[in-house]
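Have a look at entry23.txt below; it lists compact mmCIF, C-alpha atoms and all ligand atoms.
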# COMPACT_ATOMS: atom_id res chain seq x y z
CA MET K 1 78.26 65.98 103.63
CA THR K 2 78.35 63.00 101.30
CA ALA K 3 79.16 59.57 102.70
CA GLY K 4 82.83 58.64 102.79
CA ARG K 5 84.13 62.21 103.00
CA SER K 6 85.79 63.08 106.28
CA ALA K 7 85.75 66.86 105.93
CA PRO K 8 82.76 69.01 104.93
CA ALA K 9 82.57 70.64 101.51
CA LEU K 10 82.73 74.43 101.23
CA ALA K 11 81.05 76.58 98.59
CA VAL K 12 82.34 80.15 98.30
CA VAL K 13 79.65 82.27 96.65
CA GLY K 14 81.05 85.65 95.59
CA ALA K 15 84.54 84.15 95.29
CA THR K 16 85.68 86.78 92.77
CA GLY K 17 84.79 89.87 94.84
CA ALA K 18 86.83 92.09 97.15
CA VAL K 19 85.92 90.01 100.25
CA GLY K 20 85.85 86.71 98.33
CA SER K 21 89.46 87.08 97.15
CA VAL K 22 90.63 87.61 100.75
CA LEU K 23 88.57 84.66 101.98
CA LEU K 24 90.22 82.37 99.40
CA ARG K 25 93.63 83.34 100.81
CA ILE K 26 92.45 82.57 104.34
CA VAL K 27 90.92 79.16 103.55
CA SER K 28 94.05 78.29 101.55
CA GLN K 29 95.96 78.40 104.84
CA ARG K 30 93.52 75.99 106.56
CA ALA K 31 94.42 72.86 104.60
CA ASP K 32 92.88 70.39 107.06
CA VAL K 33 89.42 71.94 107.57
CA TRP K 34 87.63 71.54 104.26
CA GLY K 35 86.98 68.76 101.78
CA ALA K 36 86.14 69.94 98.26
CA ILE K 37 85.98 73.71 97.77
CA ARG K 38 83.86 75.11 94.95
CA LEU K 39 83.95 78.71 93.78
CA ILE K 40 80.81 80.48 92.59
CA ALA K 41 80.17 84.00 91.25
CA SER K 42 77.96 85.76 88.72
CA PRO K 43 77.68 84.42 85.16
CA ARG K 44 80.16 87.22 84.21
CA SER K 45 82.93 85.27 85.97
CA ALA K 46 81.95 81.74 84.93
CA GLY K 47 84.95 79.83 83.57
CA ARG K 48 87.49 82.17 85.18
CA ARG K 49 90.06 80.45 87.37
CA SER K 50 91.05 81.50 90.87
CA ALA K 51 93.72 80.01 93.13
CA VAL K 52 92.62 78.19 96.26
CA ARG K 53 94.92 75.92 98.32
CA GLY K 54 97.49 76.30 95.54
CA GLU K 55 95.18 74.96 92.82
CA GLU K 56 93.68 76.94 89.95
CA THR K 57 89.95 76.31 90.38
CA GLU K 58 87.23 77.10 87.85
CA VAL K 59 84.56 79.59 88.93
CA LEU K 60 80.97 78.37 88.43
CA ALA K 61 78.01 80.59 87.60
CA LEU K 62 75.45 80.92 90.39
CA THR K 63 72.68 78.47 89.41
CA GLU K 64 70.87 75.63 91.21
CA ASP K 65 73.33 73.20 89.59
CA ALA K 66 76.29 74.97 91.20
CA PHE K 67 75.19 73.48 94.55
CA ASP K 68 74.79 69.89 93.28
CA GLY K 69 76.26 67.38 95.74
CA LEU K 70 76.15 69.80 98.66
CA GLY K 71 74.25 68.34 101.60
CA LYS K 72 73.90 68.09 105.36
CA GLY K 73 77.02 69.21 107.20
CA ASP K 74 78.41 71.15 104.24
CA VAL K 75 78.77 74.93 104.34
CA ALA K 76 78.22 77.74 101.81
CA VAL K 77 79.61 81.18 102.56
CA PHE K 78 77.93 84.08 100.78
CA LEU K 79 80.09 87.14 100.02
CA THR K 80 77.59 88.62 97.61
CA PRO K 81 75.32 91.67 97.36
CA GLU K 82 72.37 91.61 99.75
CA HIS K 83 69.75 90.72 97.12
CA VAL K 84 71.84 87.77 95.89
CA SER K 85 72.23 86.36 99.42
CA ALA K 86 68.51 86.86 100.10
CA ARG K 87 67.56 84.99 96.92
CA TRP K 88 70.09 82.11 97.06
CA ALA K 89 70.79 81.32 100.73
CA PRO K 90 67.42 79.52 101.09
CA VAL K 91 68.32 77.37 98.04
CA VAL K 92 71.37 76.11 99.94
CA THR K 93 69.60 75.58 103.28
CA ALA K 94 66.87 73.60 101.49
CA ARG K 95 69.62 71.06 100.72
CA GLY K 96 70.45 70.75 104.43
CA SER K 97 73.69 72.73 104.22
CA THR K 98 74.42 75.74 106.42
CA VAL K 99 74.91 79.29 105.11
CA VAL K 100 77.29 81.88 106.54
CA ASP K 101 76.33 85.25 105.05
CA ALA K 102 78.50 88.38 105.11
CA SER K 103 75.87 90.63 103.52
CA PRO K 104 73.25 92.70 105.39
CA ALA K 105 70.42 90.39 104.15
CA PHE K 106 69.78 88.46 107.39
CA ARG K 107 71.68 90.36 110.09
CA THR K 108 68.67 91.76 111.91
CA ASP K 109 66.41 88.72 111.34
CA PRO K 110 65.52 87.43 114.84
CA GLY K 111 65.78 83.83 113.53
CA VAL K 112 69.36 84.33 112.33
CA PRO K 113 72.24 84.51 114.82
CA LEU K 114 74.67 87.38 114.27
CA VAL K 115 78.03 86.00 115.27
CA VAL K 116 81.46 87.32 116.19
CA PRO K 117 83.47 84.29 117.37
CA GLU K 118 85.48 86.35 119.91
CA ILE K 119 82.23 87.59 121.53
CA ASN K 120 79.29 85.20 121.06
CA PRO K 121 80.43 81.92 119.39
CA GLN K 122 77.67 79.98 121.18
CA ALA K 123 75.04 81.96 119.22
CA ALA K 124 76.01 80.04 116.06
CA LEU K 125 74.74 76.78 117.61
CA LEU K 126 71.10 77.90 117.45
CA ARG K 127 70.19 78.65 113.83
CA PRO K 128 66.57 77.76 113.08
CA HIS K 129 66.83 78.80 109.41
CA GLY K 130 70.25 77.18 108.84
CA ILE K 131 71.77 80.65 108.34
CA VAL K 132 74.41 82.45 110.40
CA ALA K 133 75.19 86.10 109.62
CA GLY K 134 78.32 88.18 110.18
CA PRO K 135 78.08 91.91 111.04
CA ASP K 136 78.97 95.07 109.13
CA PRO K 137 82.74 95.74 108.97
CA VAL K 138 82.38 98.78 111.24
CA THR K 139 80.58 96.71 113.87
CA LEU K 140 83.18 93.95 113.54
CA SER K 141 86.12 96.34 113.84
CA MET K 142 85.07 97.92 117.13
CA ILE K 143 83.01 95.16 118.76
CA VAL K 144 85.97 93.09 120.04
CA ALA K 145 87.34 96.11 121.93
CA VAL K 146 83.95 97.41 123.05
CA GLY K 147 82.82 93.88 124.04
CA ALA K 148 85.89 93.33 126.22
CA LEU K 149 85.39 96.71 127.95
CA HIS K 150 81.68 95.93 128.37
CA SER K 151 82.51 92.66 130.17
CA ALA K 152 84.69 94.58 132.64
CA TYR K 153 82.79 97.86 133.11
CA GLY K 154 79.20 97.44 131.80
CA LEU K 155 78.49 99.46 128.64
CA THR K 156 75.62 101.98 128.90
CA ASP K 157 76.06 104.21 125.83
CA LEU K 158 78.05 104.14 122.56
CA GLN K 159 78.89 106.85 120.01
CA LEU K 160 80.91 106.27 116.84
CA SER K 161 82.20 108.36 113.95
CA THR K 162 83.72 106.35 111.13
CA TYR K 163 86.41 106.92 108.49
CA GLN K 164 85.59 104.16 106.01
CA ALA K 165 87.75 102.94 103.14
CA ALA K 166 86.74 102.85 99.47
CA SER K 167 86.92 99.03 99.38
CA GLY K 168 83.95 98.97 101.75
CA ALA K 169 82.00 99.53 98.52
CA GLY K 170 83.57 96.40 97.02
CA ARG K 171 85.74 96.13 93.91
CA ALA K 172 83.75 98.95 92.33
CA GLY K 173 84.72 101.25 95.23
CA THR K 174 88.43 100.48 94.95
CA GLU K 175 88.40 100.91 91.18
CA ALA K 176 86.53 104.23 91.43
CA LEU K 177 88.99 105.67 93.99
CA ARG K 178 92.02 104.56 91.93
CA ARG K 179 90.52 106.15 88.82
CA GLN K 180 89.69 109.37 90.66
CA LEU K 181 93.18 109.56 92.19
CA SER K 182 94.74 109.29 88.74
CA LEU K 183 92.46 112.10 87.49
CA VAL K 184 93.34 114.50 90.32
CA THR K 185 97.08 113.72 90.58
CA GLY K 186 99.17 116.59 89.27
CA ALA K 187 96.23 118.97 88.81
CA GLU K 188 96.16 122.28 90.69
CA LEU K 189 93.16 121.62 92.87
CA GLY K 190 91.47 122.84 95.98
CA GLU K 191 91.55 126.58 95.31
CA GLN K 192 88.44 127.11 93.18
CA PRO K 193 84.96 125.97 94.18
CA GLY K 194 84.09 122.67 92.52
CA ASP K 195 87.48 122.01 90.95
CA VAL K 196 87.81 118.49 92.46
CA ARG K 197 84.34 117.64 91.14
CA ARG K 198 85.31 118.93 87.68
CA ALA K 199 88.56 116.90 87.65
CA VAL K 200 86.77 113.70 88.68
CA GLY K 201 83.95 114.22 86.18
CA ALA K 202 80.27 113.36 86.31
CA ASP K 203 80.65 109.77 87.57
CA PRO K 204 81.91 109.40 91.17
CA GLY K 205 81.34 105.60 91.01
CA PRO K 206 79.49 104.02 93.95
CA PHE K 207 80.01 107.16 96.09
CA PRO K 208 77.56 110.09 96.27
CA ALA K 209 80.42 112.62 95.76
CA PRO K 210 84.06 112.50 94.58
CA LEU K 211 86.21 110.59 97.08
CA ALA K 212 89.72 111.52 95.88
CA LEU K 213 91.07 114.48 97.94
CA ASN K 214 87.73 114.55 99.71
CA VAL K 215 85.68 113.23 102.66
CA VAL K 216 82.10 112.07 102.09
CA PRO K 217 79.74 112.07 105.09
CA TRP K 218 77.51 109.27 103.82
CA THR K 219 77.77 105.49 103.27
CA GLY K 220 75.09 103.06 102.09
CA GLY K 221 71.50 103.75 101.16
CA PRO K 222 69.08 106.18 102.81
CA ASP K 223 66.88 105.03 105.68
CA GLN K 224 64.85 107.42 107.85
CA ASP K 225 65.03 110.95 109.25
CA GLY K 226 68.45 111.63 107.73
CA TRP K 227 70.11 108.43 108.99
CA SER K 228 71.79 106.12 106.49
CA ALA K 229 70.86 102.44 106.40
CA GLU K 230 74.42 101.54 107.42
CA GLU K 231 74.29 103.82 110.49
CA LEU K 232 71.06 102.20 111.68
CA ARG K 233 72.41 98.73 110.86
CA ILE K 234 75.51 99.24 113.01
CA ARG K 235 73.26 100.35 115.88
CA ALA K 236 70.99 97.30 115.56
CA GLU K 237 73.90 94.87 115.08
CA THR K 238 75.82 96.18 118.10
CA ARG K 239 72.77 95.69 120.30
CA LYS K 240 72.22 92.18 118.91
CA VAL K 241 75.82 90.92 119.26
CA LEU K 242 76.21 92.29 122.79
CA GLY K 243 72.69 91.21 123.81
CA LEU K 244 71.87 94.78 124.93
CA ASP K 245 68.49 95.39 123.27
CA THR K 246 68.04 99.00 124.42
CA LEU K 247 71.66 100.23 124.38
CA PRO K 248 71.77 103.86 123.17
CA VAL K 249 73.99 103.81 120.04
CA SER K 250 74.67 106.74 117.75
CA VAL K 251 76.73 106.37 114.56
CA THR K 252 77.91 108.80 111.87
CA CYS K 253 79.41 107.06 108.81
CA VAL K 254 82.00 108.91 106.72
CA ARG K 255 83.92 107.66 103.66
CA VAL K 256 87.57 108.71 103.31
CA PRO K 257 90.06 108.24 100.44
CA VAL K 258 91.74 105.14 101.89
CA ILE K 259 91.81 101.94 99.82
CA THR K 260 91.65 99.38 102.66
CA GLY K 261 91.10 99.81 106.41
CA HIS K 262 88.07 101.22 108.20
CA SER K 263 88.78 103.52 111.15
CA MET K 264 86.52 105.00 113.80
CA THR K 265 86.54 107.17 116.87
CA VAL K 266 84.60 105.61 119.73
CA ARG K 267 83.06 107.19 122.83
CA ALA K 268 81.85 104.47 125.17
CA ARG K 269 80.16 105.19 128.49
CA PHE K 270 80.05 102.59 131.27
CA ARG K 271 78.13 101.78 134.45
CA ASP K 272 81.37 101.94 136.46
CA GLU K 273 84.10 104.58 136.52
CA ILE K 274 86.97 103.80 134.19
CA SER K 275 90.60 104.89 134.04
CA ARG K 276 93.03 104.91 131.12
CA ALA K 277 95.22 102.33 132.90
CA GLY K 278 92.22 100.09 133.61
CA ALA K 279 91.11 100.28 129.96
CA HIS K 280 94.66 99.50 128.84
CA GLU K 281 94.72 96.42 131.03
CA VAL K 282 91.50 95.08 129.49
CA LEU K 283 92.41 95.96 125.89
CA ALA K 284 95.94 94.56 126.12
CA THR K 285 94.56 91.04 126.67
CA ALA K 286 91.30 91.21 124.68
CA PRO K 287 91.13 88.50 121.98
CA GLY K 288 91.37 90.00 118.47
CA VAL K 289 92.68 93.38 119.75
CA VAL K 290 96.15 94.91 119.47
CA LEU K 291 96.77 97.97 121.64
CA VAL K 292 99.21 100.60 120.32
CA ASP K 293 98.89 103.65 122.53
CA ASP K 294 101.88 105.85 123.15
CA PRO K 295 101.05 109.03 121.24
CA ALA K 296 103.93 110.97 122.83
CA ALA K 297 106.26 108.53 121.06
CA GLY K 298 104.20 108.80 117.86
CA GLU K 299 102.68 105.35 118.45
CA PHE K 300 99.07 104.92 117.42
CA PRO K 301 97.48 102.68 114.80
CA THR K 302 96.55 103.84 111.30
CA PRO K 303 94.58 101.99 108.62
CA ALA K 304 97.79 101.63 106.60
CA ASP K 305 99.19 99.54 109.49
CA ALA K 306 96.00 97.51 109.88
CA ALA K 307 95.59 96.58 106.18
CA GLY K 308 96.44 92.92 105.60
CA THR K 309 96.38 92.03 109.32
CA ASP K 310 93.86 90.07 111.42
CA PRO K 311 93.25 92.12 114.61
CA ALA K 312 91.45 95.35 115.40
CA TRP K 313 94.08 97.96 116.31
CA VAL K 314 93.24 100.29 119.18
CA GLY K 315 94.97 103.51 120.28
CA ARG K 316 94.42 107.10 121.53
CA VAL K 317 92.73 105.73 124.66
CA ARG K 318 91.60 108.55 126.99
CA ARG K 319 89.13 108.92 129.82
CA SER K 320 86.64 111.64 128.88
CA LEU K 321 87.56 114.96 130.47
CA ASP K 322 84.04 115.68 131.69
CA ASP K 323 82.81 112.18 132.54
CA PRO K 324 84.75 109.64 134.63
CA ARG K 325 82.55 106.83 133.28
CA ALA K 326 83.31 107.51 129.60
CA LEU K 327 86.24 106.44 127.45
CA GLU K 328 87.35 107.82 124.07
CA PHE K 329 89.50 105.79 121.70
CA PHE K 330 90.43 105.13 118.07
CA VAL K 331 90.08 101.78 116.27
CA CYS K 332 91.12 100.65 112.82
CA ALA K 333 90.99 97.28 111.08
CA ASP K 334 91.18 95.76 107.60
CA ASN K 335 87.55 95.97 106.44
CA LEU K 336 87.91 93.14 103.92
CA ARG K 337 89.80 90.78 106.21
CA THR K 338 88.91 91.57 109.86
CA GLY K 339 85.63 93.18 108.81
CA ALA K 340 84.34 90.31 106.68
CA ALA K 341 86.50 87.43 105.35
CA LEU K 342 88.17 86.40 108.61
CA ASN K 343 84.92 86.47 110.62
CA THR K 344 83.15 84.49 107.88
CA ALA K 345 85.98 81.91 107.77
CA GLN K 346 86.01 81.60 111.57
CA ILE K 347 82.24 81.03 111.73
CA ALA K 348 82.47 78.45 108.93
CA GLU K 349 85.23 76.69 110.87
CA LEU K 350 83.06 76.63 114.02
CA LEU K 351 80.40 74.86 111.94
CA ALA K 352 82.98 72.42 110.53
CA ALA K 353 84.22 71.66 114.06
CA GLU K 354 80.64 71.12 115.26
CA GLN K 355 80.18 68.66 112.39
CA ALA K 356 83.43 66.85 113.22
CA SER K 357 82.42 66.46 116.87
CA GLY K 358 79.12 64.94 115.79
N1 LIG Y 1 83.78 95.27 101.19
C1 LIG Y 1 83.70 95.24 102.52
O1 LIG Y 1 84.45 95.91 103.26
C2 LIG Y 1 82.68 94.34 103.18
C3 LIG Y 1 82.80 94.09 104.54
C4 LIG Y 1 81.81 93.29 105.18
C5 LIG Y 1 80.78 92.76 104.44
N2 LIG Y 1 80.71 93.03 103.12
C6 LIG Y 1 79.59 92.44 102.38
O2 LIG Y 1 80.14 91.34 101.63
C7 LIG Y 1 79.44 91.22 100.40
C8 LIG Y 1 80.46 91.24 99.26
O3 LIG Y 1 81.11 92.50 99.27
P1 LIG Y 1 82.36 92.82 98.32
O4 LIG Y 1 82.88 94.11 98.83
O5 LIG Y 1 83.27 91.66 98.18
O6 LIG Y 1 81.61 93.06 96.91
P2 LIG Y 1 82.21 92.94 95.41
O7 LIG Y 1 83.66 93.22 95.39
O8 LIG Y 1 81.31 93.76 94.58
O9 LIG Y 1 82.00 91.39 95.06
C9 LIG Y 1 80.70 90.84 94.91
C10 LIG Y 1 80.79 89.37 94.61
O10 LIG Y 1 79.43 88.89 94.41
C11 LIG Y 1 79.30 88.36 93.08
N3 LIG Y 1 78.01 88.72 92.52
C12 LIG Y 1 77.52 89.96 92.26
N4 LIG Y 1 76.29 89.87 91.68
C13 LIG Y 1 76.02 88.55 91.57
C14 LIG Y 1 74.93 87.80 91.06
N5 LIG Y 1 73.85 88.40 90.54
N6 LIG Y 1 74.98 86.45 91.10
C15 LIG Y 1 76.07 85.82 91.61
N7 LIG Y 1 77.15 86.46 92.12
C16 LIG Y 1 77.11 87.81 92.11
C17 LIG Y 1 80.41 89.01 92.29
O11 LIG Y 1 80.68 88.18 91.17
P3 LIG Y 1 81.33 88.82 89.82
O12 LIG Y 1 82.79 89.05 90.12
O13 LIG Y 1 81.11 87.73 88.82
O14 LIG Y 1 80.59 90.08 89.53
C18 LIG Y 1 81.54 89.03 93.32
O15 LIG Y 1 82.12 87.75 93.42
C19 LIG Y 1 78.42 92.38 100.36
O16 LIG Y 1 77.16 91.93 100.79
C20 LIG Y 1 78.97 93.38 101.36
O17 LIG Y 1 77.94 94.14 101.97
C21 LIG Y 1 81.63 93.79 102.47

For this file, produce the structure as structure tokens.
Amino acid sequence: MTAGRSAPALAVVGATGAVGSVLLRIVSQRADVWGAIRLIASPRSAGRRSAVRGEETEVLALTEDAFDGLGKGDVAVFLTPEHVSARWAPVVTARGSTVVDASPAFRTDPGVPLVVPEINPQAALLRPHGIVAGPDPVTLSMIVAVGALHSAYGLTDLQLSTYQAASGAGRAGTEALRRQLSLVTGAELGEQPGDVRRAVGADPGPFPAPLALNVVPWTGGPDQDGWSAEELRIRAETRKVLGLDTLPVSVTCVRVPVITGHSMTVRARFRDEISRAGAHEVLATAPGVVLVDDPAAGEFPTPADAAGTDPAWVGRVRRSLDDPRALEFFVCADNLRTGAALNTAQIAELLAAEQASG
């Protein structure tokens, strides 16, 4: 932070992306936290203007010069592809500024805290490399509910199946689903083998199969033995955030034709017996959670309700029929906002507050 400035500067790298656009809206509502805000993206976006705090601000290309003037106490948030974060975060930390990264680049690095402010805010204080990471949107969506239940009942096992939105694959994902939906709308589809594939054409965008009128049981890159990299990441991140290094975690990631809002079914097993009423009591007061659970009255959350909102929405809470220690429930949250931009903004604000308190 340069002398004479009372508030730290903020650099938003990836300001033009799906998460970046949401983050600009969030920081625009926090007028008193940041000094100067600079917007950075790829050279493709250089010179474009984006609104932040009501001002049209020019987007800079990501170069060394884009960080000129940034120093100790200032913060750069990275909302960029993994390889971009991996390459450029060290450039920022070399200047003494702190990085908050939303990409997978540093999440499992033992020298980088993985932070969810509702669960482990103190972890952000110890950051030997000057980098703090935020988890995958699936981890972020369920961890506030699972973390609160863990505090009360002691988590011993976790199983998830996800229903992930197209925007989880960034702007390219949203654009691909919109294009595919326009190609399939009005066509007589679903009766002949392969007719959705034919309507969508040879290019399904960032997805491994057509997403319109379909469900795709795969997200992210391949890893090992049939698991996707995202499935293994969610497992490792959940263990890291909760501080449960050997917790059994099993995840199946599925992409569904929703624009915004990741959903998941959760089966969590605990050390102690759990009841539906007891789980309700914990979830009703858990920070970052909204409980909507009266299915007989048609009340349960859907991703369409969660889109554009801050909390993780929880419903369909049931004790497992065959195991009094296990709970089944449904969670959905805005993957761009709850699952990335809000967490990143909250961590950056923790760092700004730490700076202000000396
Ligand atoms: N989407 C989600 O639900 C979600 C949730 C949690 C975390 N994340 C993570 O957040 C990050 C951003 O995701 P997103 O969905 O916002 O992606 P996106 O829509 O594709 O946006 C990517 C951003 O990074 C910039 N960028 C791309 N290549 C660059 C380069 N070579 N140099 C400088 N800037 C570059 C883009 O700039 P241009 O506009 O100039 O191309 C854009 O601003 C990813 O690491 C993702 O894993 C995403």

Fill in the blank from the handout: The residue from K:Gly278, K:Gly96, K:Gly173, K:Pro303 with the smallest atom-to-atom distance to ligand LIG 1 (chain Y), counting only C-alpha atoms and all ligand atoms, is K:Gly173

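Going from atom CA of Val92 of chain K to atom CA of Leu70 of chain K covers 8.0 Å.
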
Would you kindly return, as a compact mmCIF listing (two decimals) with C-alpha atoms, keeping the file's coordinate frame, each protein, DNA or RNA residue with an atom no farther than 10 Å from any atom of Ala148 of chain K, considering only C-alpha atoms and excluding same-chain residues fewer than 2 positions away?
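Result saved to out-v6.txt:
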# COMPACT_ATOMS: atom_id res chain seq x y z
CA GLU K 118 85.48 86.35 119.91
CA ILE K 119 82.23 87.59 121.53
CA ILE K 143 83.01 95.16 118.76
CA VAL K 144 85.97 93.09 120.04
CA ALA K 145 87.34 96.11 121.93
CA VAL K 146 83.95 97.41 123.05
CA HIS K 150 81.68 95.93 128.37
CA SER K 151 82.51 92.66 130.17
CA ALA K 152 84.69 94.58 132.64
CA TYR K 153 82.79 97.86 133.11
CA GLY K 154 79.20 97.44 131.80
CA LEU K 155 78.49 99.46 128.64
CA ALA K 279 91.11 100.28 129.96
CA VAL K 282 91.50 95.08 129.49
CA LEU K 283 92.41 95.96 125.89
CA THR K 285 94.56 91.04 126.67
CA ALA K 286 91.30 91.21 124.68
CA PRO K 287 91.13 88.50 121.98
CA VAL K 289 92.68 93.38 119.75

Throw together the list of residues within 7 Å of ligand LIG 1 (chain Y), counting only C-alpha atoms and all ligand atoms, and drop it here as a short mmCIF file (atom, residue, chain, number, x, y, z; two decimals) with C-alpha atoms, in the coordinates of the input.
data_model
loop_
_atom_site.label_atom_id
_atom_site.label_comp_id
_atom_site.auth_asym_id
_atom_site.auth_seq_id
_atom_site.Cartn_x
_atom_site.Cartn_y
_atom_site.Cartn_z
CA VAL K 13 79.65 82.27 96.65
CA GLY K 14 81.05 85.65 95.59
CA ALA K 15 84.54 84.15 95.29
CA THR K 16 85.68 86.78 92.77
CA GLY K 17 84.79 89.87 94.84
CA ALA K 18 86.83 92.09 97.15
CA VAL K 19 85.92 90.01 100.25
CA GLY K 20 85.85 86.71 98.33
CA ALA K 41 80.17 84.00 91.25
CA SER K 42 77.96 85.76 88.72
CA PRO K 43 77.68 84.42 85.16
CA ARG K 44 80.16 87.22 84.21
CA SER K 45 82.93 85.27 85.97
CA ALA K 61 78.01 80.59 87.60
CA LEU K 62 75.45 80.92 90.39
CA LEU K 79 80.09 87.14 100.02
CA THR K 80 77.59 88.62 97.61
CA PRO K 81 75.32 91.67 97.36
CA GLU K 82 72.37 91.61 99.75
CA VAL K 84 71.84 87.77 95.89
CA ALA K 102 78.50 88.38 105.11
CA SER K 103 75.87 90.63 103.52
CA PRO K 104 73.25 92.70 105.39
CA ASP K 136 78.97 95.07 109.13
CA PRO K 137 82.74 95.74 108.97
CA SER K 167 86.92 99.03 99.38
CA GLY K 168 83.95 98.97 101.75
CA ALA K 169 82.00 99.53 98.52
CA GLY K 170 83.57 96.40 97.02
CA ARG K 171 85.74 96.13 93.91
CA ALA K 172 83.75 98.95 92.33
CA ASN K 335 87.55 95.97 106.44
CA LEU K 336 87.91 93.14 103.92
CA GLY K 339 85.63 93.18 108.81
CA ALA K 340 84.34 90.31 106.68
#

Practice task
Compare K:Pro90, K:Gly243, K:Pro217, K:Gly47 by their minimum atom-to-atom distance to Pro113 of chain K, counting only C-alpha atoms, and give me the closest one.
Solution key: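 With only C-alpha atoms as the atom set, the closest residue is K:Gly243.
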
Practice task
Counting all atoms listed in the file, figure out which residue out of K:Val215, K:Ala341, K:Val254, K:Leu114 gets nearest to Arg239 of chain K.
Solution key: K:Leu114

Practice task
Rank nothing, just name the residue among K:Leu351, K:Ala46, K:Gly190, K:Pro128 nearest to Ala76 of chain K, using only C-alpha atoms.
Solution key: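 Closest to Ala76 of chain K of all the choices is K:Leu351.
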
Completion exercise
Correct to one decimal, the distance atom CA of Arg48 of chain K-atom CA of Ala31 of chain K is 22.6 Å

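Proximity of K:Arg198, K:Arg49, K:Arg318, K:His262 to Val138 of chain K, computed with only C-alpha atoms, is greatest for K:His262.
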
Problem - Residues near Thr309 of chain K, cut-off 9 Å, only C-alpha atoms, skip fewer than 4 positions along chain, as a ChimeraX atom specification - result: /K:305,333-334,337-338

Practice task
Quick one: pull the distance between atom CA of Ser85 of chain K and atom CA of Leu232 of chain K, Å, one decimal.
Solution key: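 Computing the Euclidean distance for atom CA of Ser85 of chain K and atom CA of Leu232 of chain K yields 20.1 Å.
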
Problem - Answer as a PyMOL selection string, residues within 9 Å of (88.0, 107.1, 85.3) using only C-alpha atoms - result: chain K and resi 175-183+200-201+203-205

Problem - Shell around Glu237 of chain K at 12 Å using only C-alpha atoms, local window under 5 positions removed, as an MDAnalysis selection string - result: chainID K and resid 104 106:110 112:116 133:140 142:143 229:232 242:247 249 251

Wanna dump the segment 186-282 of chain K-segment 159-162 of chain K contacts at 7 Å for me, each residue with its shortest atom pair and the distance in Å to one decimal, counting all atoms listed in the file, ordered by chain and number, as a tab-separated table?
residue	atom	partner	partner_atom	distance
K:Val249	CA	K:Gln159	CA	5.8
K:Ser250	CA	K:Gln159	CA	4.8
K:Val251	CA	K:Leu160	CA	4.8
K:Thr252	CA	K:Ser161	CA	4.8
K:Cys253	CA	K:Thr162	CA	4.9
K:Val254	CA	K:Thr162	CA	5.4
K:Ser263	CA	K:Thr162	CA	5.8
K:Met264	CA	K:Thr162	CA	4.1
K:Thr265	CA	K:Ser161	CA	5.4
K:Val266	CA	K:Leu160	CA	4.7
K:Arg267	CA	K:Gln159	CA	5.0
K:Ala268	CA	K:Gln159	CA	6.4

Exercise for the section: Compare K:Pro193, K:Asp323, K:Ala306, K:Glu188 by their minimum atom-to-atom distance to Arg271 of chain K, counting only C-alpha atoms, and give me the closest one. Expected result: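 With only C-alpha atoms as the atom set, the closest residue is K:Asp323.
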
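Neighbouring residues of segment 290-296 of chain K at 8 Å or closer, counting all atoms listed in the file and skipping chain neighbours under 3 positions away, are His280, Leu283, Ala284, Glu299, Phe300, Pro301, Pro311, Ala312, Trp313, Val314, Gly315, Arg316 and Val317 of chain K.
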
Exercise for the section: For Gly54 of chain K, work out the shell of residues within 10 Å, counting all atoms listed in the file and skipping chain neighbours fewer than 6 positions away, then give it as a list in words. Expected result: Arg25, Ser28 and Gln29 of chain K
